[in-house]
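In what follows, a single structure is set out as structure tokens and then discussed.
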Amino acid sequence: MEVEKMDENEWKYHGEGNQSLVVSHCQRCVVLRFLKSPPNQNKTPEEILHHLQNIVDFGKHVMKQFFGENYVHHGEIIQLPLDFVRQLCLKIQPERPECRCDKDMDTLSGYAMCLPNLTRLQPFRFAEHRPILCIEIKPKCGFIPFSSHVSQEIKHKVCRYCMHQHLKVANGKWKRPSKYCPLDLFSGNKQRMHFALKSLLQEAQNNLKIFKNGELIYGCKDDQDCVCDWNELARHLKPFFFPCNGLASGPQCTRTLVKELIHVITMALLSSTDSCRAGHMKTVPISQGRSYCEASAFNKELVRNGKHKLESSGLPRGCLLYKTLQAQMLDMLDIEGLYPLYSRVEQYLEEFPEERSTLQIDGPYNEAFYEKLLDLSLEDDGTVAFALTKVQQYRIAMTAKDCSIMIALSPCLQDECSEQRPVVLTSKSRFTFSVSVLDLDLKPYESIPHQYKLDGEIVNYYLKNVQAKEDPVMSNLFKENEDCTLVLHKV
């Protein structure tokens, strides 16, 4: 891609996170990702290049091993003319949310990551002229902690996401708690998955966005700027699901369209679109785990209807949700069991700071780094090596807990299936689709103390302000435990 021959006006602001800013090309299916830094704290070009190379290597050598070739798009590093970068920065600056402008886009190094635009179908082998609908879901942690190091029993009953919702509302981040529970989405049970997705559509927060031809049409750009009108969403969806306008408008039309959308998302999430076959499977029983969250609005609805048990379905092993859950479950000790091991590593680094590079805390993220992650032993021999392995596994798990899943959909006719793309059907439409995973930067080693402190705040707030007011009958919900298994495999 010859970026230097393109006009900066052909690029538009796409979005940003804490560490990077992304622009997308108006015609081509590519995005450029630039690093950000606080004002007056610019890194050298060499430091920028090293940082970007670590991101690429981590996706290529580590996360592809967990998720599979077709799901992970690690991109490549390119060098751009500095004048092009400065002009591009000036163009997009007015489009950035005010809350994101505390950090500046890197305009000094000329380095950026070139990635596919995951709001489009992948792989992108030809020009797409058909309309594209893309749903971005940030599913969060899909299991209840099973570690014996957990000090508060509530963590064995209520998931982190559901507890954190109440603290976020109290802190003013969101107006009301969402009914979404990650365990419902990761259950593989279509009834629970439908409820979870409907809850996300009702209260999207930063866990769901919908794009049409790359433009955000539903969800939150930032904490204050949300577009979540079901009637407006239905207007966008109608040409996709009812192209011949075979359905009248109104509330019934909106409900039907949302139901169809949820069905398509569910089928795409349960599909396996990775052609790579798993190699040697290593199955390690971990503990007794609970597949239900007592705070789930779905479970509470069951109780109100006099039901106390729902048949569990489980996820197909080839689907992206299953692979995401397996990576998340590398958090085998919970932050409470992990933090003392982090402290052991920290103490060692205080005595031998020159060993930080040898321990690969900041990379390189190569095949040797990945191989060390496969040691699932929980027998602590008191060494720094054991502690470091668990710390690195925890960082992988946290990355998987915060990733986003991108589902791109495009209408297709029955005679257009020669493209060898997977297809999902609705009552009146058929879609070809692709599923990808996004936001796979390794979580910082230095963030572990913050996670430990935040975990305590979440649990303490929930115990003091929520659980005490809950109906006592909920504490007896789904007492039975189910086997929880971690599967690691190469692809």
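For the structure tokens, the naming scheme is as follows: chains receive sequential letters (A, B, ...) according to their order of presentation, residues are indexed from 1 within each chain, and ligands are indexed from 1 in presentation order.
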Q.
With only C-alpha atoms as the counted atoms, please give the residues lying no more than 10 Å from region 345-357 of chain A, apart from itself and same-chain residues fewer than 2 positions off, as a list in words.
A.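 So the residues in contact are Tyr339, Pro340, Leu341, Tyr342, Ser343, Leu359, Gln360, Ile361, Asp362, Gly363, Pro364, Thr383, Val384, Ala385, Phe386, Ala387, Leu388 and Val391 of chain A.
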I need the residues from that last selection saved to file as a compact mmCIF listing (two decimals), in the first residue's frame (with N, CA, C and O atoms), if you can.
# COMPACT_ATOMS: atom_id res chain seq x y z
N TYR A 339 -1.35 -11.76 42.98
CA TYR A 339 -0.64 -10.57 43.47
C TYR A 339 0.61 -10.92 44.30
O TYR A 339 1.66 -10.27 44.12
N PRO A 340 0.58 -11.90 45.20
CA PRO A 340 1.81 -12.27 45.92
C PRO A 340 2.92 -12.74 44.99
O PRO A 340 4.11 -12.50 45.25
N LEU A 341 2.56 -13.39 43.88
CA LEU A 341 3.57 -13.83 42.92
C LEU A 341 4.14 -12.64 42.16
O LEU A 341 5.35 -12.59 41.87
N TYR A 342 3.30 -11.68 41.83
CA TYR A 342 3.77 -10.43 41.23
C TYR A 342 4.76 -9.74 42.17
O TYR A 342 5.81 -9.25 41.73
N SER A 343 4.45 -9.72 43.46
CA SER A 343 5.34 -9.10 44.45
C SER A 343 6.68 -9.84 44.52
O SER A 343 7.73 -9.21 44.73
N LEU A 359 14.03 -11.81 31.59
CA LEU A 359 12.74 -12.38 31.96
C LEU A 359 11.65 -12.13 30.91
O LEU A 359 10.54 -12.62 31.03
N GLN A 360 11.95 -11.33 29.90
CA GLN A 360 11.03 -11.03 28.78
C GLN A 360 9.74 -10.35 29.26
O GLN A 360 8.68 -10.54 28.67
N ILE A 361 9.83 -9.54 30.28
CA ILE A 361 8.65 -8.83 30.76
C ILE A 361 8.17 -7.82 29.72
O ILE A 361 6.96 -7.63 29.53
N ASP A 362 9.09 -7.20 29.02
CA ASP A 362 8.75 -6.20 28.00
C ASP A 362 9.01 -6.72 26.59
O ASP A 362 9.20 -5.95 25.67
N GLY A 363 9.00 -8.04 26.44
CA GLY A 363 9.28 -8.65 25.15
C GLY A 363 10.72 -9.17 25.11
O GLY A 363 11.44 -9.09 26.10
N PRO A 364 11.17 -9.71 24.01
CA PRO A 364 10.40 -9.90 22.78
C PRO A 364 9.33 -10.98 22.93
O PRO A 364 9.53 -11.96 23.65
N THR A 383 9.95 -20.38 43.32
CA THR A 383 10.93 -19.74 42.44
C THR A 383 10.33 -18.51 41.75
O THR A 383 9.12 -18.36 41.64
N VAL A 384 11.23 -17.67 41.24
CA VAL A 384 10.81 -16.52 40.44
C VAL A 384 10.25 -17.00 39.11
O VAL A 384 9.31 -16.41 38.58
N ALA A 385 10.80 -18.10 38.58
CA ALA A 385 10.34 -18.63 37.29
C ALA A 385 8.86 -19.00 37.36
O ALA A 385 8.09 -18.69 36.44
N PHE A 386 8.45 -19.69 38.44
CA PHE A 386 7.05 -20.05 38.59
C PHE A 386 6.19 -18.80 38.68
O PHE A 386 5.15 -18.68 38.02
N ALA A 387 6.61 -17.86 39.52
CA ALA A 387 5.84 -16.63 39.71
C ALA A 387 5.69 -15.87 38.40
O ALA A 387 4.61 -15.38 38.07
N LEU A 388 6.77 -15.78 37.63
CA LEU A 388 6.73 -15.03 36.38
C LEU A 388 5.79 -15.69 35.37
O LEU A 388 5.04 -15.01 34.67
N VAL A 391 2.33 -14.78 36.26
CA VAL A 391 2.10 -13.37 35.96
C VAL A 391 1.86 -13.18 34.46
O VAL A 391 0.92 -12.46 34.06
Q. Residues at most 8 Å from Leu320 (chain A), counting only C-alpha atoms, excluding those fewer than 5 positions away in the same chain, as a list in words?
A.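 Everything that qualifies: Phe67, Tyr71, Leu269, Leu270, Ser271, Ser272 and Val435 of chain A.
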Show which residues sit within 7 Å of region 174-191 of chain A, as a compact mmCIF listing (two decimals) with N, CA and C atoms, in the first residue's frame. Count only C-alpha atoms, and ignore same-chain residues fewer than 2 positions away.
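Result file selection30.txt:
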# COMPACT_ATOMS: atom_id res chain seq x y z
N PRO A 139 -17.04 -8.77 25.02
CA PRO A 139 -17.80 -9.70 25.86
C PRO A 139 -17.42 -9.72 27.33
N LYS A 140 -16.18 -9.33 27.67
CA LYS A 140 -15.65 -9.33 29.04
C LYS A 140 -15.49 -10.76 29.55
N CYS A 141 -15.24 -10.92 30.87
CA CYS A 141 -14.86 -12.23 31.43
C CYS A 141 -16.04 -13.18 31.49
N GLY A 142 -15.88 -14.37 30.92
CA GLY A 142 -16.99 -15.31 30.78
C GLY A 142 -17.02 -16.44 31.79
N PHE A 143 -16.30 -16.32 32.90
CA PHE A 143 -16.34 -17.39 33.90
C PHE A 143 -16.27 -16.82 35.32
N TYR A 161 -18.12 -8.76 36.10
CA TYR A 161 -18.81 -7.73 35.33
C TYR A 161 -20.06 -7.24 36.05
N CYS A 162 -20.87 -8.17 36.54
CA CYS A 162 -22.12 -7.79 37.20
C CYS A 162 -21.85 -6.99 38.48
N GLN A 165 -20.62 -3.35 37.53
CA GLN A 165 -21.66 -2.46 37.04
C GLN A 165 -22.16 -1.51 38.13
N HIS A 166 -22.36 -2.03 39.32
CA HIS A 166 -22.90 -1.21 40.41
C HIS A 166 -21.91 -0.13 40.84
N LYS A 168 -19.62 1.21 38.87
CA LYS A 168 -19.55 2.19 37.78
C LYS A 168 -20.74 3.16 37.83
N VAL A 169 -21.92 2.66 38.14
CA VAL A 169 -23.09 3.54 38.26
C VAL A 169 -22.91 4.49 39.44
N GLY A 172 -20.74 7.31 38.58
CA GLY A 172 -21.26 8.20 37.55
C GLY A 172 -20.82 7.88 36.14
N MET A 193 -27.98 -16.72 25.40
CA MET A 193 -27.23 -15.84 24.51
C MET A 193 -28.13 -14.75 23.94
N HIS A 194 -29.35 -15.12 23.56
CA HIS A 194 -30.29 -14.13 23.04
C HIS A 194 -30.60 -13.08 24.09
N PHE A 195 -30.79 -13.52 25.34
CA PHE A 195 -31.07 -12.57 26.42
C PHE A 195 -29.88 -11.63 26.62
N ALA A 196 -28.66 -12.19 26.57
CA ALA A 196 -27.46 -11.37 26.76
C ALA A 196 -27.33 -10.33 25.66
N SER A 199 -29.88 -7.61 26.00
CA SER A 199 -29.47 -6.71 27.09
C SER A 199 -28.40 -5.73 26.63
N LEU A 200 -27.47 -6.19 25.79
CA LEU A 200 -26.45 -5.30 25.25
C LEU A 200 -27.08 -4.25 24.35
N GLU A 203 -28.74 -1.65 26.62
CA GLU A 203 -27.80 -0.82 27.39
C GLU A 203 -26.41 -1.10 26.87
N SER A 291 -21.19 -22.23 36.15
CA SER A 291 -21.46 -21.64 34.84
C SER A 291 -22.60 -20.64 34.88
N TYR A 292 -23.12 -20.35 36.06
CA TYR A 292 -24.19 -19.38 36.22
C TYR A 292 -23.77 -18.29 37.19
N CYS A 293 -24.20 -17.09 36.90
CA CYS A 293 -23.95 -15.95 37.80
C CYS A 293 -25.26 -15.64 38.53
N SER A 296 -27.23 -12.54 37.43
CA SER A 296 -27.75 -12.45 36.07
C SER A 296 -29.25 -12.19 36.09
N ALA A 297 -29.67 -11.20 35.31
CA ALA A 297 -31.11 -10.91 35.20
C ALA A 297 -31.85 -12.08 34.58
N SER A 312 -27.71 -26.82 30.30
CA SER A 312 -26.51 -26.15 29.80
C SER A 312 -26.13 -26.72 28.44
N SER A 313 -25.73 -25.86 27.52
CA SER A 313 -25.40 -26.30 26.17
C SER A 313 -23.90 -26.39 25.93
N GLY A 314 -23.15 -25.39 26.34
CA GLY A 314 -21.72 -25.37 26.09
C GLY A 314 -21.41 -24.82 24.72
N LEU A 315 -20.19 -24.32 24.55
CA LEU A 315 -19.76 -23.71 23.30
C LEU A 315 -19.09 -24.72 22.38
N LEU A 321 -15.79 -17.62 20.61
CA LEU A 321 -16.14 -17.47 22.03
C LEU A 321 -15.45 -18.53 22.87
(Q) I'd like to know which of A:Ala204, A:Val459, A:Val150, A:Leu440 is closest to Ile55 (chain A), using only C-alpha atoms. (A)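 Selected residue with least distance to Ile55 (chain A): A:Leu440.
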**Q.** Pairwise distance for CA of Thr254 (chain A) and CA of Ser404 (chain A), rounded to one decimal in Å
**A.** 26.1 Å
(Q) Please determine, counting only C-alpha atoms, which residue among A:Leu409, A:Leu133, A:Leu82, A:Leu108 has the shortest atom-to-atom distance to Phe431 (chain A). (A)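 Closest candidate: A:Leu409.
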